[in-house]
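Asker: Pasting a structure below so you can have a look.
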Amino acid sequence: MIDFFAKKNSYMANKCYPWIISLRPKTLALSFSAILLGNALAYWQHSFDLIIMLLAMITAALLQILSNLANDYGDAVKGGDKHNLIGHQRGLQLGLITLNQLKIAIWITIILCVCSGLTLLWLACNNAYQLLIFILLGLSSIIAAITYTVGKKPYGYIGLGDLSVLIFFGLVGVMGSYYLQTKTLSASIVFPAIASGLLAVGVLNINNLRDYESDKQHHKRTLIVLIGKTYGCCYQLVLLIVSLCFFGLFAYQQLHTYCSGIFLLTLPLYLKHMYMVFKFNTNKDAVPLLVQMVKLALLTNLLYCLGIILS
């Protein structure tokens with residue numbers, strides 16, 4: 001009996017593994033960060049609903065998963081990342097998932113995104129105008145997630161991925177979740193929204209630094225391919241400095257407490273990260289950098305949320 005269950009668990013693990021690595025669960029931290037920050041800002045304004053926050057997090061996670069699956073599909077169709085198994089061990093590349101199965105998974109994720117998003121809007125929106133605006137934002141998010149690498153002219157292949165990440169992981173994610181709670185918008189929250197978005201761009205930039213040779217070979221003109229690896233490392237430094245400055249500016253102008261500066265405890269980690277960025281040579285060396293940047297972005301956002309709540 002024990003052998004039977006052991007074999008069954010092993011079989012299920014083997015079946016699930018290619019999908020788990022294709023979903024890229026570690027990247028969900030980025031979508032969660034934006035939603036948590038927007039809700040922390042709403043809590044600071046004494047307007048918070050736990051159910052709305054949870055539904056927003058689920059919707060954001062599904063959009064991130066959709067983007068990951070569509071990215072794998074688009075790159076596979078165009079031949080990108082085919083031989084880049086160090087940076088991209090995905091089920092499709094390893095031959096464990098077929099292109100048709102991935103396409104079905106994309107459609108299922110789209111349906112789940114729509115269901116989760118509509119449920120969120122039904123609970124959060126007060127009138128038809130708000131509902132219409134957020135439906136359009138939701139559709140834009142779905143389209144952006146898919147067309148990053150899918151289609152005749154995917155914007156991820158012409159250097160616009162960074163701008164898209166800044167918009168959807170920063171402005172839309174933070175300010176949208178803030179508005180769903182408060183039903184108002186403040187110009188001041190643009191600063192933390194952009195700061196959070198820039199950290200997400202930093203994650204994408206490390207990903208593109210890692211894939212520089214592969215992307216260049218397959219004519220995927222990311223920003224790093226356009227400006228080169230040396231300037232790409234400098235660009236990473238600028239992203240992180242500007243992000244921390246924007247976080248600090250909002251804390252100084254709006255929060256007025258020592259607690260709001262708790263996010264600065266991450267400074268030694270940023271210094272270590274930048275040292276490693278300027279020292280790496282191969283895409284294999286950049287793999288731990290990507291994980292490091294994801295954790296750093298999440299930690300910074302969480303500490304900033306804590307500072308807002310304590311303020």
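If you're wondering about the labels, chains in the structure tokens are A, B, ... by order shown, residues count from 1 in each chain, ligands from 1 in order shown.
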Counting only C-alpha atoms, what is within 10 Å of range 297-301 of chain A, bar same-chain residues fewer than 3 positions away, as an MDAnalysis selection string?
Answerer: chainID A and resid 28:34 36:37 192 195:203 240 244 247 262:267 270 292:294 304:307
Asker: Quick one: residues within 10 Å of range 135-140 of chain A, only C-alpha atoms, excluding same-chain residues fewer than 5 positions away - as a compact mmCIF listing (two decimals) with all heavy atoms, in the first residue's frame?
Answerer:
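This went into result.txt:
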```
# COMPACT_ATOMS: atom_id res chain seq x y z
N THR A 59 -6.28 38.10 -9.00
CA THR A 59 -6.35 38.56 -10.39
C THR A 59 -4.97 38.92 -10.92
O THR A 59 -4.61 38.57 -12.05
CB THR A 59 -7.29 39.78 -10.50
OG1 THR A 59 -8.58 39.44 -9.97
CG2 THR A 59 -7.45 40.21 -11.95
N ALA A 60 -4.19 39.63 -10.10
CA ALA A 60 -2.83 40.01 -10.51
C ALA A 60 -1.96 38.78 -10.72
O ALA A 60 -1.16 38.73 -11.67
CB ALA A 60 -2.21 40.93 -9.46
N LEU A 63 -2.87 37.16 -14.01
CA LEU A 63 -2.32 37.94 -15.13
C LEU A 63 -0.83 37.68 -15.29
O LEU A 63 -0.32 37.60 -16.42
CB LEU A 63 -2.58 39.44 -14.91
CG LEU A 63 -4.01 39.91 -15.15
CD1 LEU A 63 -4.20 41.33 -14.61
CD2 LEU A 63 -4.36 39.86 -16.63
N CYS A 113 -8.77 34.71 -15.41
CA CYS A 113 -8.51 36.15 -15.22
C CYS A 113 -9.81 36.96 -15.32
O CYS A 113 -10.06 37.84 -14.49
CB CYS A 113 -7.53 36.66 -16.28
SG CYS A 113 -5.82 36.23 -15.99
N VAL A 114 -10.60 36.66 -16.33
CA VAL A 114 -11.86 37.38 -16.55
C VAL A 114 -12.81 37.14 -15.38
O VAL A 114 -13.43 38.09 -14.86
CB VAL A 114 -12.51 36.95 -17.88
CG1 VAL A 114 -13.92 37.53 -18.00
CG2 VAL A 114 -11.65 37.40 -19.06
N GLY A 117 -11.40 38.86 -12.24
CA GLY A 117 -11.46 40.32 -12.40
C GLY A 117 -12.87 40.86 -12.30
O GLY A 117 -13.11 41.88 -11.64
N LEU A 118 -13.82 40.19 -12.93
CA LEU A 118 -15.22 40.65 -12.89
C LEU A 118 -15.79 40.53 -11.48
O LEU A 118 -16.56 41.40 -11.04
CB LEU A 118 -16.06 39.85 -13.87
CG LEU A 118 -15.82 40.15 -15.36
CD1 LEU A 118 -16.69 39.25 -16.23
CD2 LEU A 118 -16.11 41.63 -15.66
N LEU A 121 -14.42 43.49 -9.57
CA LEU A 121 -15.06 44.75 -9.95
C LEU A 121 -16.50 44.82 -9.47
O LEU A 121 -17.00 45.89 -9.11
CB LEU A 121 -15.01 44.92 -11.48
CG LEU A 121 -13.60 45.01 -12.08
CD1 LEU A 121 -13.68 45.26 -13.58
CD2 LEU A 121 -12.76 46.08 -11.41
N TYR A 129 -19.58 53.77 -14.50
CA TYR A 129 -18.39 54.46 -15.01
C TYR A 129 -17.12 53.78 -14.49
O TYR A 129 -16.20 53.50 -15.26
CB TYR A 129 -18.42 55.93 -14.60
CG TYR A 129 -17.17 56.69 -14.97
CD1 TYR A 129 -16.93 57.07 -16.29
CD2 TYR A 129 -16.23 57.04 -14.00
CE1 TYR A 129 -15.79 57.78 -16.64
CE2 TYR A 129 -15.09 57.74 -14.33
CZ TYR A 129 -14.87 58.10 -15.65
OH TYR A 129 -13.73 58.78 -15.99
N GLN A 130 -17.08 53.53 -13.17
CA GLN A 130 -15.92 52.84 -12.59
C GLN A 130 -15.77 51.45 -13.18
O GLN A 130 -14.65 51.02 -13.50
CB GLN A 130 -16.09 52.73 -11.07
CG GLN A 130 -16.03 54.06 -10.33
CD GLN A 130 -16.30 53.90 -8.84
OE1 GLN A 130 -16.53 52.79 -8.35
NE2 GLN A 130 -16.30 55.01 -8.12
N ALA A 145 -0.29 41.24 -21.56
CA ALA A 145 0.35 40.00 -21.11
C ALA A 145 0.60 39.06 -22.28
O ALA A 145 1.63 38.37 -22.34
CB ALA A 145 -0.53 39.31 -20.07
N ILE A 146 -0.32 39.03 -23.24
CA ILE A 146 -0.22 38.11 -24.37
C ILE A 146 0.72 38.63 -25.44
O ILE A 146 1.57 37.91 -25.97
CB ILE A 146 -1.60 37.83 -24.97
CG1 ILE A 146 -2.48 37.10 -23.94
CG2 ILE A 146 -1.49 37.01 -26.25
CD1 ILE A 146 -3.92 36.95 -24.36
N PHE A 168 2.25 48.58 -15.90
CA PHE A 168 1.31 47.61 -15.32
C PHE A 168 1.71 47.13 -13.93
O PHE A 168 0.84 46.86 -13.10
CB PHE A 168 1.14 46.43 -16.28
CG PHE A 168 0.33 46.77 -17.50
CD1 PHE A 168 0.95 47.06 -18.70
CD2 PHE A 168 -1.04 46.84 -17.43
CE1 PHE A 168 0.21 47.40 -19.82
CE2 PHE A 168 -1.80 47.19 -18.55
CZ PHE A 168 -1.18 47.47 -19.74
N VAL A 172 -0.52 51.01 -12.85
CA VAL A 172 -1.82 50.32 -12.85
C VAL A 172 -1.98 49.46 -11.60
O VAL A 172 -3.02 49.51 -10.93
CB VAL A 172 -1.97 49.46 -14.12
CG1 VAL A 172 -3.26 48.61 -14.03
CG2 VAL A 172 -2.02 50.33 -15.36
N GLY A 176 -4.26 51.41 -9.26
CA GLY A 176 -5.54 50.73 -9.49
C GLY A 176 -6.07 50.08 -8.24
O GLY A 176 -7.24 50.22 -7.90
```
Asker: Could you please determine the separation between CA of Ala42 in chain A and CA of Tyr178 in chain A in Å, to one decimal place?
Answerer: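 Straight-line distance from CA of Ala42 in chain A to CA of Tyr178 in chain A works out to 5.4 Å.
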Asker: Tell me, as a ChimeraX atom specification, which residues lie within 9 Å of Trp44 in chain A, counting only C-alpha atoms; anything in the same chain fewer than 4 positions away does not count.
Answerer: /A:39-40,48,308-311
